[in-house]
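**Student:** Here it is, the structure, as structure tokens.
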Amino acid sequence: MSLTQQDVARIAKLARIAVTEQEIDAIGQQLNDIFGLIEKMQAVNTDNVEPMAHPQDVALRLRADAVTEQDRRDAFMALAPQTEAGLFLVPKVIE
Amino acid sequence: MKWEVVIGLEVHTQLSTVSKIFSGASTAFGAAPNTQACNIDLAYPGVLPVLNEAAVDKAIRLGLALGSKINQKNVFARKNYFYPDLPKGYQISQMDLPVVEGGQIAIQLGDEEKVIRLTRAHLEEDAGKSLHEDFHGLSGIDLNRAGTPLLEIVSEPDMRSVEEAVAYARALYTLVTWLGICDGNMQEGSFRMDVNVSVRPQGQEAFGTRREIKNLNSFRFLEQAAKYEIQWQIDQLEDGGKIQQATVLFDPDTGETRMMRSKEDAHDYRYFPDPDLLPVRIGDEWIARVKGEMPELPEQMKARFAEQYGLSAYDAALLTASLAQARYFEAAAGDCGQGKLVANWINGEIAARLNRDGGDIAACPIGPQRLAGLVMRIADATLSSKLAKQVFDAMWDCDLSADAIIERDGLKQVSDVGAIEKMVEDAIAANPKAVEEFRAGKEKALNALAGQVMKASKGKANPAQVLEILKNKLTA
């Protein structure tokens with residue numbers, strides 16, 4: 001599979017990464033190399049192999065349902081660029 | 001052309017845990033903004049999610065109630081998109097291996113029952129809230145809700161009318177609140193519905209193109225939005241247009257749906273297994289434990305009520321519309337041993353009044369014990385049905401027992417034969433014309449005489465006894 005310039009631009013947009021016109025070809029080449037690697041792996045016969053979600057065969061550790069966190073809003077807000085009335089302020093986004 | 005409607009629902013139920021799905025921050029509603037958002041909810045670098053056992057527990061509970069397959073190995077995945085109320089840039093959800101797969105739920109449509117199949121139910125975290133009003137052109141972000149556990153329950157496109165969709169949503173609502181996995185508070189967003197709607201010519205096999213109405217938080221909005229959307233789609237098609245796949249929003253003020261985004265700019269979520277979370281393993285013992293903790297389900301209780309108390313399927317269905325209502329019934333019926341009479345009062349007088357006042361059984365001013373006290377006095381003939389209604393009215397507005405009101409207002413039904421005989425004799429003496437008519441074969445005249453006796457007793461004479469004594473005296 002080979003990515004077009006448009007594919008690269010779309011992937012960059014989805015990932016919110018600014019890619020200039022000049023960079024598109026080079027990035028496209030890198031991504032195509034990765035696809036080449038994936039194609040090699042997909043050629044391996046995996047019949048009767050259960051797909052793995054994680055390389056280690058261990059189960060997730062769980063926690064009991066209890067409130068263990070305190071209110072640390074002031075500390076968190078001190079790190080934010082802009083706040084008001086206990087809210088984090090961000091550029092307006094309406095969908 | 002005749003059109004057939006096809007509807008499927010995705011319901012986000014907020015699970016009633018005290019802490020979040022991946023952090024120890026509180027999920028309590030209504031706190032000051034961002035006071036219940038910890039570093040995990042805020043996506044600080046280096047933090048790791050740790051799954052809340054109770055969220056999995058509640059998902060298993062639903063799966064068992066729906067007869068679904070519980071995936072004993074299930075996997076969390078990242079659903080990637082950018083929005084300011086989602087600080088990580090992805091939502092932790094489940095894709096290929098959800099915790100619950102398949103299952104079904106029965107819905108009641110009048111006298112008919114229909115089975116709706118479930119596709120899946122998966123665990124995920126909720127996002128925060130964006131406030132767009134009045135922050136000098138900026139948006140305010142409150143992340144208290146970020147990380148609240150959700151169970152997204154997805155149905156098959158099995159519904160063929162708006163009525164079925166609403167019945168399904170209500171049945172699911174009854175079940176999740178009954179199971180105690182969701183508090184059911186719709187104003188606070190604990191039960192949010194997305195509805196997929198399409199239409200196709202009657203008889204056509206292939207589905208039409210669907211549009212999805214997002215985020216409906218009441219059954220009334222669900223009904224309005226789906227009705228509007230169906231008509232809109234039919235109008236488009238009959239005007240020779242085509243339906244484009246899209247996501248739409250419902251505006252309760254106008255009663256209309258409007259486009260939010262088309263398929264072209266639909267999200268590409270690029271799901272992949274979350275490397276921060278290992279697969280969840282649900283052992284047989286865990287499932288067995290949850291099974292052991294399950295309450296009696298609505299369907300089972302309905303059947304038992306019909307059997308144990310001799311109720312109609314309809315009455316039993318009304319009584320099991322919510323766990324609170326079913327418990328109320330059982331408490332009252334247990335106290336007085338008169339299931340049928342108790343059911344009649346709950347489904348009749350009490351339902352009518354609660355309906356009028358817009359409350360549910362929890363708002364009923366007459367508790368099950370007091371209702372049982374009233375029913376007992378009907379069963380032992382102390383009260384006629386007319387007097388019972390009078391006592392009930394008085395009980396609604398105070399907290400006295402039925403016995404106390406009967407005593408206070410002197411409402412005891414008169415069953416003393418001597419006293420009734422005296423009143424019957426008086427009535428016969430005062431109404432010779434009616435007596436003559438009755439003796440001439442006019443049965444109706446008897447009712448007139450009985451009416452006179454009831455009037456003389458101020459409604460307190462036992463009507464059956466009055467009729468019997470009257471008949472005896474007149475035919476003697």
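In the structure tokens, each chain is lettered A, B, ... as it comes, each chain's residues begin at 1, and ligands are numbered from 1 in order of appearance.
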Could you give me, as a list in words, each residue of range 30-60 of chain B that DSSP assigns to alpha helix (DSSP H) when run on this structure's backbone?
**Tutor:** Glu53, Ala54, Ala55, Val56, Asp57, Lys58, Ala59 and Ile60 of chain B
**Student:** Suppose we keep all heavy atoms; can you now write the selection as a PDB file, in the first residue's frame?
**Tutor:**
ATOM      1  N   GLU B  53     -12.963  -1.837  40.082  1.00  0.00           N
ATOM      2  CA  GLU B  53     -13.580  -3.164  40.065  1.00  0.00           C
ATOM      3  C   GLU B  53     -15.107  -3.083  40.015  1.00  0.00           C
ATOM      4  O   GLU B  53     -15.762  -3.894  39.345  1.00  0.00           O
ATOM      5  CB  GLU B  53     -13.146  -3.919  41.337  1.00  0.00           C
ATOM      6  CG  GLU B  53     -13.626  -5.337  41.386  1.00  0.00           C
ATOM      7  CD  GLU B  53     -13.151  -6.073  42.641  1.00  0.00           C
ATOM      8  OE1 GLU B  53     -12.610  -5.422  43.560  1.00  0.00           O
ATOM      9  OE2 GLU B  53     -13.328  -7.297  42.681  1.00  0.00           O
ATOM     10  N   ALA B  54     -15.670  -2.087  40.717  1.00  0.00           N
ATOM     11  CA  ALA B  54     -17.136  -1.989  40.794  1.00  0.00           C
ATOM     12  C   ALA B  54     -17.760  -1.710  39.430  1.00  0.00           C
ATOM     13  O   ALA B  54     -18.891  -2.120  39.156  1.00  0.00           O
ATOM     14  CB  ALA B  54     -17.539  -0.900  41.790  1.00  0.00           C
ATOM     15  N   ALA B  55     -17.032  -1.004  38.558  1.00  0.00           N
ATOM     16  CA  ALA B  55     -17.568  -0.721  37.227  1.00  0.00           C
ATOM     17  C   ALA B  55     -17.719  -2.025  36.441  1.00  0.00           C
ATOM     18  O   ALA B  55     -18.725  -2.239  35.759  1.00  0.00           O
ATOM     19  CB  ALA B  55     -16.660   0.255  36.484  1.00  0.00           C
ATOM     20  N   VAL B  56     -16.725  -2.906  36.560  1.00  0.00           N
ATOM     21  CA  VAL B  56     -16.783  -4.195  35.871  1.00  0.00           C
ATOM     22  C   VAL B  56     -17.912  -5.042  36.452  1.00  0.00           C
ATOM     23  O   VAL B  56     -18.687  -5.686  35.738  1.00  0.00           O
ATOM     24  CB  VAL B  56     -15.439  -4.947  35.996  1.00  0.00           C
ATOM     25  CG1 VAL B  56     -15.474  -6.248  35.207  1.00  0.00           C
ATOM     26  CG2 VAL B  56     -14.292  -4.073  35.520  1.00  0.00           C
ATOM     27  N   ASP B  57     -18.011  -5.010  37.776  1.00  0.00           N
ATOM     28  CA  ASP B  57     -19.063  -5.726  38.488  1.00  0.00           C
ATOM     29  C   ASP B  57     -20.455  -5.380  37.930  1.00  0.00           C
ATOM     30  O   ASP B  57     -21.281  -6.250  37.677  1.00  0.00           O
ATOM     31  CB  ASP B  57     -19.024  -5.251  39.948  1.00  0.00           C
ATOM     32  CG  ASP B  57     -18.956  -6.406  40.905  1.00  0.00           C
ATOM     33  OD1 ASP B  57     -17.853  -6.955  41.081  1.00  0.00           O
ATOM     34  OD2 ASP B  57     -20.013  -6.745  41.455  1.00  0.00           O
ATOM     35  N   LYS B  58     -20.682  -4.075  37.756  1.00  0.00           N
ATOM     36  CA  LYS B  58     -21.994  -3.604  37.307  1.00  0.00           C
ATOM     37  C   LYS B  58     -22.250  -4.002  35.852  1.00  0.00           C
ATOM     38  O   LYS B  58     -23.379  -4.308  35.468  1.00  0.00           O
ATOM     39  CB  LYS B  58     -22.113  -2.092  37.501  1.00  0.00           C
ATOM     40  CG  LYS B  58     -22.204  -1.723  38.999  1.00  0.00           C
ATOM     41  CD  LYS B  58     -22.161  -0.228  39.231  1.00  0.00           C
ATOM     42  CE  LYS B  58     -21.845   0.100  40.691  1.00  0.00           C
ATOM     43  NZ  LYS B  58     -22.943  -0.220  41.610  1.00  0.00           N
ATOM     44  N   ALA B  59     -21.174  -4.005  35.050  1.00  0.00           N
ATOM     45  CA  ALA B  59     -21.326  -4.431  33.656  1.00  0.00           C
ATOM     46  C   ALA B  59     -21.702  -5.915  33.598  1.00  0.00           C
ATOM     47  O   ALA B  59     -22.577  -6.314  32.828  1.00  0.00           O
ATOM     48  CB  ALA B  59     -20.029  -4.174  32.888  1.00  0.00           C
ATOM     49  N   ILE B  60     -21.068  -6.719  34.452  1.00  0.00           N
ATOM     50  CA  ILE B  60     -21.385  -8.159  34.495  1.00  0.00           C
ATOM     51  C   ILE B  60     -22.849  -8.345  34.891  1.00  0.00           C
ATOM     52  O   ILE B  60     -23.583  -9.146  34.313  1.00  0.00           O
ATOM     53  CB  ILE B  60     -20.467  -8.900  35.503  1.00  0.00           C
ATOM     54  CG1 ILE B  60     -19.003  -8.818  35.060  1.00  0.00           C
ATOM     55  CG2 ILE B  60     -20.892 -10.355  35.655  1.00  0.00           C
ATOM     56  CD1 ILE B  60     -18.012  -9.360  36.080  1.00  0.00           C
TER      57      ILE B  60
END
**Student:** So that I can check the surroundings of Ile7 in chain B, please list as a count of residues only every protein, DNA and RNA residue that reaches within 12 Å of it, counting only C-alpha atoms and ignoring chain neighbours fewer than 2 positions away.
**Tutor:** 40
**Student:** Show me a table, sorted first by chain and then by increasing residue number, of the residues of chain B having an atom at most 6 Å from chain A, each with its shortest atom pair and the distance in Å to one decimal, counting only C-alpha atoms and written as CSV.
**Tutor:**
residue,atom,partner,partner_atom,distance
B:Ser19,CA,A:Val67,CA,5.2
B:Gly24,CA,A:Thr68,CA,4.7
B:Ala25,CA,A:Glu69,CA,4.9
B:Ser26,CA,A:Val67,CA,5.5
B:Pro33,CA,A:Gly86,CA,5.6
B:Thr35,CA,A:Asp71,CA,5.0
B:Leu51,CA,A:Leu62,CA,5.1
B:Asn52,CA,A:Arg63,CA,5.1
B:Glu53,CA,A:Leu62,CA,5.5
B:Ala54,CA,A:Asp65,CA,5.8
B:Leu138,CA,A:Lys92,CA,4.7
B:Ser139,CA,A:Lys92,CA,4.8
B:Gly140,CA,A:Leu89,CA,4.6
B:Ile141,CA,A:Phe88,CA,5.0
B:Asp142,CA,A:Leu87,CA,5.6
B:Leu278,CA,A:Leu60,CA,4.7
B:Pro279,CA,A:Ala59,CA,5.6
B:Val280,CA,A:Leu60,CA,5.2
B:Arg281,CA,A:Ala59,CA,5.7
**Student:** For the selection just defined, write its residues with N, CA, C and O atoms to a file, as a PDB file, in the first residue's frame.
**Tutor:**
ATOM      1  N   SER B  19     -16.382   6.332  42.951  1.00  0.00           N
ATOM      2  CA  SER B  19     -15.171   6.916  42.374  1.00  0.00           C
ATOM      3  C   SER B  19     -15.131   6.649  40.863  1.00  0.00           C
ATOM      4  O   SER B  19     -15.946   5.886  40.343  1.00  0.00           O
ATOM      5  N   GLY B  24      -9.191   7.623  41.609  1.00  0.00           N
ATOM      6  CA  GLY B  24      -9.874   7.637  42.898  1.00  0.00           C
ATOM      7  C   GLY B  24     -10.589   8.945  43.185  1.00  0.00           C
ATOM      8  O   GLY B  24     -10.900   9.252  44.328  1.00  0.00           O
ATOM      9  N   ALA B  25     -10.868   9.753  42.130  1.00  0.00           N
ATOM     10  CA  ALA B  25     -11.612  10.999  42.334  1.00  0.00           C
ATOM     11  C   ALA B  25     -13.105  10.689  42.456  1.00  0.00           C
ATOM     12  O   ALA B  25     -13.596   9.717  41.890  1.00  0.00           O
ATOM     13  N   SER B  26     -13.809  11.546  43.193  1.00  0.00           N
ATOM     14  CA  SER B  26     -15.230  11.323  43.439  1.00  0.00           C
ATOM     15  C   SER B  26     -16.068  11.576  42.184  1.00  0.00           C
ATOM     16  O   SER B  26     -15.736  12.414  41.351  1.00  0.00           O
ATOM     17  N   PRO B  33     -16.736  23.344  40.147  1.00  0.00           N
ATOM     18  CA  PRO B  33     -15.978  22.869  38.983  1.00  0.00           C
ATOM     19  C   PRO B  33     -14.530  22.491  39.313  1.00  0.00           C
ATOM     20  O   PRO B  33     -13.860  23.162  40.103  1.00  0.00           O
ATOM     21  N   THR B  35     -13.131  20.427  41.164  1.00  0.00           N
ATOM     22  CA  THR B  35     -12.693  20.017  42.500  1.00  0.00           C
ATOM     23  C   THR B  35     -12.678  18.492  42.619  1.00  0.00           C
ATOM     24  O   THR B  35     -12.230  17.940  43.605  1.00  0.00           O
ATOM     25  N   LEU B  51      -8.139   0.379  36.860  1.00  0.00           N
ATOM     26  CA  LEU B  51      -9.567   0.112  36.663  1.00  0.00           C
ATOM     27  C   LEU B  51     -10.318  -0.122  37.973  1.00  0.00           C
ATOM     28  O   LEU B  51      -9.849  -0.845  38.855  1.00  0.00           O
ATOM     29  N   ASN B  52     -11.481   0.469  38.066  1.00  0.00           N
ATOM     30  CA  ASN B  52     -12.384   0.346  39.209  1.00  0.00           C
ATOM     31  C   ASN B  52     -13.146  -0.978  39.110  1.00  0.00           C
ATOM     32  O   ASN B  52     -13.919  -1.198  38.171  1.00  0.00           O
ATOM     33  N   GLU B  53     -12.963  -1.837  40.082  1.00  0.00           N
ATOM     34  CA  GLU B  53     -13.580  -3.164  40.065  1.00  0.00           C
ATOM     35  C   GLU B  53     -15.107  -3.083  40.015  1.00  0.00           C
ATOM     36  O   GLU B  53     -15.762  -3.894  39.345  1.00  0.00           O
ATOM     37  N   ALA B  54     -15.670  -2.087  40.717  1.00  0.00           N
ATOM     38  CA  ALA B  54     -17.136  -1.989  40.794  1.00  0.00           C
ATOM     39  C   ALA B  54     -17.760  -1.710  39.430  1.00  0.00           C
ATOM     40  O   ALA B  54     -18.891  -2.120  39.156  1.00  0.00           O
ATOM     41  N   LEU B 138     -13.740  32.957  25.156  1.00  0.00           N
ATOM     42  CA  LEU B 138     -13.095  31.667  25.416  1.00  0.00           C
ATOM     43  C   LEU B 138     -14.152  30.687  25.950  1.00  0.00           C
ATOM     44  O   LEU B 138     -15.249  31.080  26.290  1.00  0.00           O
ATOM     45  N   SER B 139     -13.785  29.398  25.986  1.00  0.00           N
ATOM     46  CA  SER B 139     -14.673  28.395  26.570  1.00  0.00           C
ATOM     47  C   SER B 139     -14.124  27.984  27.931  1.00  0.00           C
ATOM     48  O   SER B 139     -12.915  27.888  28.111  1.00  0.00           O
ATOM     49  N   GLY B 140     -15.040  27.693  28.869  1.00  0.00           N
ATOM     50  CA  GLY B 140     -14.632  27.212  30.187  1.00  0.00           C
ATOM     51  C   GLY B 140     -14.731  25.693  30.223  1.00  0.00           C
ATOM     52  O   GLY B 140     -15.647  25.112  29.663  1.00  0.00           O
ATOM     53  N   ILE B 141     -13.750  25.052  30.866  1.00  0.00           N
ATOM     54  CA  ILE B 141     -13.737  23.586  30.922  1.00  0.00           C
ATOM     55  C   ILE B 141     -13.816  23.119  32.377  1.00  0.00           C
ATOM     56  O   ILE B 141     -13.024  23.529  33.215  1.00  0.00           O
ATOM     57  N   ASP B 142     -14.813  22.243  32.622  1.00  0.00           N
ATOM     58  CA  ASP B 142     -14.977  21.619  33.940  1.00  0.00           C
ATOM     59  C   ASP B 142     -14.748  20.126  33.762  1.00  0.00           C
ATOM     60  O   ASP B 142     -15.485  19.465  33.029  1.00  0.00           O
ATOM     61  N   LEU B 278      -3.833  -3.649  30.787  1.00  0.00           N
ATOM     62  CA  LEU B 278      -3.769  -5.053  30.392  1.00  0.00           C
ATOM     63  C   LEU B 278      -5.196  -5.558  30.140  1.00  0.00           C
ATOM     64  O   LEU B 278      -6.157  -4.919  30.556  1.00  0.00           O
ATOM     65  N   PRO B 279      -5.321  -6.703  29.480  1.00  0.00           N
ATOM     66  CA  PRO B 279      -6.672  -7.259  29.316  1.00  0.00           C
ATOM     67  C   PRO B 279      -7.318  -7.532  30.678  1.00  0.00           C
ATOM     68  O   PRO B 279      -6.643  -7.890  31.633  1.00  0.00           O
ATOM     69  N   VAL B 280      -8.628  -7.329  30.747  1.00  0.00           N
ATOM     70  CA  VAL B 280      -9.384  -7.623  31.976  1.00  0.00           C
ATOM     71  C   VAL B 280      -9.764  -9.094  31.931  1.00  0.00           C
ATOM     72  O   VAL B 280     -10.283  -9.580  30.922  1.00  0.00           O
ATOM     73  N   ARG B 281      -9.468  -9.796  33.020  1.00  0.00           N
ATOM     74  CA  ARG B 281      -9.848 -11.212  33.099  1.00  0.00           C
ATOM     75  C   ARG B 281     -10.983 -11.351  34.098  1.00  0.00           C
ATOM     76  O   ARG B 281     -10.883 -10.891  35.237  1.00  0.00           O
TER      77      ARG B 281
END
**Student:** Name the residues in contact with range 119-130 of chain B at a cut-off of 7 Å, using only C-alpha atoms, excluding same-chain residues fewer than 6 positions from it; report them as a count of residues only.
**Tutor:** 30
**Student:** Using backbone DSSP assignments, extract all strand (DSSP E or B) residues from range 228-436 of chain B; output them as a list in words.
**Tutor:**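 For range 228-436 of chain B, the strand (DSSP E or B) set is Ala246, Thr247, Val248, Leu249, Phe250, Asp251, Glu256, Thr257, Arg258, Met259, Met260, Arg261, Ser262, Phe272, Pro273, Val280, Arg281 and Val414 of chain B.
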**Student:** Take the selection from the previous step and output its residues with all heavy atoms, as a tab-separated table (two decimals), in the first residue's frame.
**Tutor:**
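Full text of result-v1.tsv as output:
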chain	number	residue	atom	x	y	z
B	246	ALA	N	-25.37	11.04	8.52
B	246	ALA	CA	-24.98	12.23	9.26
B	246	ALA	C	-25.30	12.07	10.74
B	246	ALA	O	-26.08	11.20	11.14
B	246	ALA	CB	-25.70	13.45	8.71
B	247	THR	N	-24.68	12.92	11.52
B	247	THR	CA	-25.00	13.01	12.94
B	247	THR	C	-25.79	14.30	13.13
B	247	THR	O	-25.38	15.35	12.64
B	247	THR	CB	-23.70	13.07	13.76
B	247	THR	OG1	-22.91	11.94	13.42
B	247	THR	CG2	-24.00	13.05	15.24
B	248	VAL	N	-26.93	14.22	13.83
B	248	VAL	CA	-27.75	15.41	14.02
B	248	VAL	C	-28.04	15.65	15.50
B	248	VAL	O	-27.90	14.75	16.32
B	248	VAL	CB	-29.09	15.30	13.24
B	248	VAL	CG1	-28.85	15.10	11.76
B	248	VAL	CG2	-29.95	14.18	13.78
B	249	LEU	N	-28.40	16.88	15.80
B	249	LEU	CA	-28.76	17.25	17.16
B	249	LEU	C	-30.24	17.60	17.19
B	249	LEU	O	-30.78	18.12	16.22
B	249	LEU	CB	-27.95	18.46	17.62
B	249	LEU	CG	-26.49	18.20	17.95
B	249	LEU	CD1	-25.79	19.51	18.27
B	249	LEU	CD2	-26.35	17.23	19.13
B	250	PHE	N	-30.88	17.34	18.33
B	250	PHE	CA	-32.29	17.69	18.49
B	250	PHE	C	-32.38	18.98	19.31
B	250	PHE	O	-31.72	19.12	20.33
B	250	PHE	CB	-33.01	16.56	19.23
B	250	PHE	CG	-34.44	16.89	19.57
B	250	PHE	CD1	-35.40	17.05	18.56
B	250	PHE	CD2	-34.85	17.03	20.90
B	250	PHE	CE1	-36.72	17.35	18.87
B	250	PHE	CE2	-36.17	17.32	21.21
B	250	PHE	CZ	-37.11	17.49	20.20
B	251	ASP	N	-33.17	19.92	18.81
B	251	ASP	CA	-33.38	21.17	19.53
B	251	ASP	C	-34.77	21.13	20.18
B	251	ASP	O	-35.78	21.22	19.49
B	251	ASP	CB	-33.29	22.35	18.55
B	251	ASP	CG	-33.42	23.68	19.26
B	251	ASP	OD1	-33.90	23.69	20.43
B	251	ASP	OD2	-33.06	24.71	18.68
B	256	GLU	N	-37.04	20.34	16.31
B	256	GLU	CA	-36.44	19.90	15.05
B	256	GLU	C	-35.06	19.30	15.27
B	256	GLU	O	-34.41	19.56	16.28
B	256	GLU	CB	-36.33	21.08	14.08
B	256	GLU	CG	-37.69	21.65	13.70
B	256	GLU	CD	-37.59	22.88	12.81
B	256	GLU	OE1	-36.45	23.29	12.50
B	256	GLU	OE2	-38.65	23.39	12.44
B	257	THR	N	-34.63	18.51	14.29
B	257	THR	CA	-33.25	18.01	14.33
B	257	THR	C	-32.44	18.81	13.31
B	257	THR	O	-32.96	19.24	12.30
B	257	THR	CB	-33.19	16.51	13.93
B	257	THR	OG1	-33.84	16.33	12.68
B	257	THR	CG2	-33.88	15.65	14.98
B	258	ARG	N	-31.17	19.03	13.62
B	258	ARG	CA	-30.33	19.73	12.64
B	258	ARG	C	-28.95	19.08	12.58
B	258	ARG	O	-28.46	18.51	13.55
B	258	ARG	CB	-30.21	21.22	12.99
B	258	ARG	CG	-29.51	21.48	14.29
B	258	ARG	CD	-29.45	22.97	14.61
B	258	ARG	NE	-29.18	23.16	16.01
B	258	ARG	CZ	-27.96	23.07	16.56
B	258	ARG	NH1	-26.92	22.84	15.80
B	258	ARG	NH2	-27.80	23.23	17.86
B	259	MET	N	-28.36	19.21	11.42
B	259	MET	CA	-27.09	18.54	11.12
B	259	MET	C	-25.97	19.02	12.03
B	259	MET	O	-25.77	20.21	12.25
B	259	MET	CB	-26.72	18.83	9.68
B	259	MET	CG	-25.40	18.26	9.30
B	259	MET	SD	-25.59	16.84	8.29
B	259	MET	CE	-25.41	17.61	6.69
B	260	MET	N	-25.23	18.07	12.59
B	260	MET	CA	-24.07	18.39	13.40
B	260	MET	C	-22.81	18.15	12.57
B	260	MET	O	-21.93	18.98	12.47
B	260	MET	CB	-24.09	17.48	14.63
B	260	MET	CG	-23.03	17.72	15.64
B	260	MET	SD	-23.46	16.70	17.09
B	260	MET	CE	-21.84	16.21	17.59
B	261	ARG	N	-22.74	16.98	11.95
B	261	ARG	CA	-21.65	16.74	11.00
B	261	ARG	C	-22.08	15.67	10.01
B	261	ARG	O	-22.85	14.78	10.30
B	261	ARG	CB	-20.36	16.34	11.71
B	261	ARG	CG	-20.51	15.15	12.61
B	261	ARG	CD	-19.18	14.70	13.19
B	261	ARG	NE	-19.42	13.58	14.08
B	261	ARG	CZ	-19.43	13.67	15.41
B	261	ARG	NH1	-19.20	14.81	16.01
B	261	ARG	NH2	-19.66	12.61	16.15
B	262	SER	N	-21.55	15.79	8.79
B	262	SER	CA	-21.88	14.82	7.76
B	262	SER	C	-20.85	13.70	7.80
B	262	SER	O	-19.89	13.76	8.56
B	262	SER	CB	-21.86	15.48	6.39
B	262	SER	OG	-20.53	15.83	6.08
B	272	PHE	N	-7.02	1.71	18.95
B	272	PHE	CA	-6.01	0.66	19.14
B	272	PHE	C	-5.97	0.29	20.61
B	272	PHE	O	-6.38	1.10	21.46
B	272	PHE	CB	-4.63	1.11	18.63
B	272	PHE	CG	-4.00	2.25	19.38
B	272	PHE	CD1	-3.16	2.01	20.47
B	272	PHE	CD2	-4.25	3.56	19.00
B	272	PHE	CE1	-2.58	3.07	21.16
B	272	PHE	CE2	-3.68	4.62	19.70
B	272	PHE	CZ	-2.85	4.38	20.78
B	273	PRO	N	-5.53	-0.94	20.95
B	273	PRO	CA	-5.53	-1.38	22.36
B	273	PRO	C	-4.70	-0.41	23.22
B	273	PRO	O	-3.62	-0.01	22.81
B	273	PRO	CB	-4.88	-2.76	22.31
B	273	PRO	CG	-5.05	-3.22	20.90
B	273	PRO	CD	-5.02	-1.98	20.05
B	280	VAL	N	-8.63	-7.33	30.75
B	280	VAL	CA	-9.38	-7.62	31.98
B	280	VAL	C	-9.76	-9.09	31.93
B	280	VAL	O	-10.28	-9.58	30.92
B	280	VAL	CB	-10.69	-6.78	32.04
B	280	VAL	CG1	-11.42	-7.02	33.35
B	280	VAL	CG2	-10.38	-5.31	31.84
B	281	ARG	N	-9.47	-9.80	33.02
B	281	ARG	CA	-9.85	-11.21	33.10
B	281	ARG	C	-10.98	-11.35	34.10
B	281	ARG	O	-10.88	-10.89	35.24
B	281	ARG	CB	-8.67	-12.06	33.59
B	281	ARG	CG	-7.45	-11.96	32.72
B	281	ARG	CD	-7.43	-13.06	31.69
B	281	ARG	NE	-6.21	-12.95	30.88
B	281	ARG	CZ	-6.01	-13.61	29.75
B	281	ARG	NH1	-6.95	-14.43	29.31
B	281	ARG	NH2	-4.90	-13.47	29.06
B	414	VAL	N	-72.20	0.12	58.86
B	414	VAL	CA	-73.13	-0.49	59.82
B	414	VAL	C	-73.51	-1.87	59.35
B	414	VAL	O	-74.11	-2.03	58.29
B	414	VAL	CB	-74.39	0.40	59.99
B	414	VAL	CG1	-75.37	-0.28	60.94
B	414	VAL	CG2	-73.99	1.76	60.52
**Student:** Quick one: distance from CA of Ile287 in chain B to CA of Thr174 in chain B in Å, one decimal?
**Tutor:**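 Value for the CA of Ile287 in chain B-CA of Thr174 in chain B distance: 22.3 Å.
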**Student:** Write out as an MDAnalysis selection string which residues come within 10 Å of Ile469 in chain B when counting only C-alpha atoms, dropping same-chain ones fewer than 4 positions away.
**Tutor:** chainID B and resid 417 420:421 424:425 450 464:465 473:474
**Student:** Write out as a list in words the residues lying within 9 Å of range 453-460 of chain B, counting only C-alpha atoms and excluding same-chain residues fewer than 5 positions away.
**Tutor:**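 Those residues are Leu383, Ser384, Lys386, Leu387, Leu411, Lys412, Gln413, Val414, Ser415, Ile420, Met423, Val424, Asp426, Ala427, Ala448 and Val466 of chain B.
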**Student:** Env of Leu97 in chain B: 8 Å cut, atoms = only C-alpha atoms, seq-sep filter 4 positions within chain, self excluded. Answer as a list in words.
**Tutor:**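 With the cut-off at 8 Å, the set is Asn71, Lys73, Asn74, Val75 and Phe76 of chain B.
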**Student:** Write out, as a compact mmCIF listing (two decimals), in the first residue's frame, the residues just selected, with N, CA, C and O atoms.
**Tutor:**
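Saved result, selection_1.txt, follows:
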# COMPACT_ATOMS: atom_id res chain seq x y z
N ASN B 71 -17.67 -11.50 28.17
CA ASN B 71 -16.34 -11.80 27.65
C ASN B 71 -15.36 -11.89 28.80
O ASN B 71 -15.01 -10.86 29.40
N LYS B 73 -12.36 -12.41 28.82
CA LYS B 73 -11.20 -11.57 28.55
C LYS B 73 -11.72 -10.40 27.73
O LYS B 73 -12.31 -10.61 26.67
N ASN B 74 -11.59 -9.19 28.24
CA ASN B 74 -12.00 -8.04 27.45
C ASN B 74 -10.92 -6.97 27.52
O ASN B 74 -10.10 -6.96 28.43
N VAL B 75 -10.95 -6.10 26.51
CA VAL B 75 -9.78 -5.23 26.28
C VAL B 75 -10.19 -3.76 26.15
O VAL B 75 -11.19 -3.45 25.50
N PHE B 76 -9.42 -2.89 26.78
CA PHE B 76 -9.66 -1.45 26.63
C PHE B 76 -8.85 -0.91 25.46
O PHE B 76 -7.72 -1.33 25.22
**Student:** Go through range 32-55 of chain A residue by residue and, counting only C-alpha atoms, keep those with an atom at most 10 Å from range 18-28 of chain A; for each kept residue give the shortest atom pair and its distance in Å to one decimal, ordered by chain and increasing number, as JSON lines.
**Tutor:**
{"residue": "A:Asn32", "atom": "CA", "partner": "A:Gly28", "partner_atom": "CA", "distance": 6.0}
{"residue": "A:Asp33", "atom": "CA", "partner": "A:Gly28", "partner_atom": "CA", "distance": 8.6}
{"residue": "A:Ile34", "atom": "CA", "partner": "A:Gly28", "partner_atom": "CA", "distance": 9.9}
**Student:** What is the distance between CA of Pro87 in chain B and CA of Asn39 in chain B, in Å to one decimal?
**Tutor:**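 Atom-to-atom, CA of Pro87 in chain B to CA of Asn39 in chain B, that is 10.6 Å.
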**Student:** Give me, as number ranges by chain, all polymer residues having an atom no more than 8 Å from Leu446 in chain B, counting only C-alpha atoms and skipping those fewer than 2 positions away in the same chain.
**Tutor:** B: 434-435, 438, 442-444, 448-450, 467, 470-471
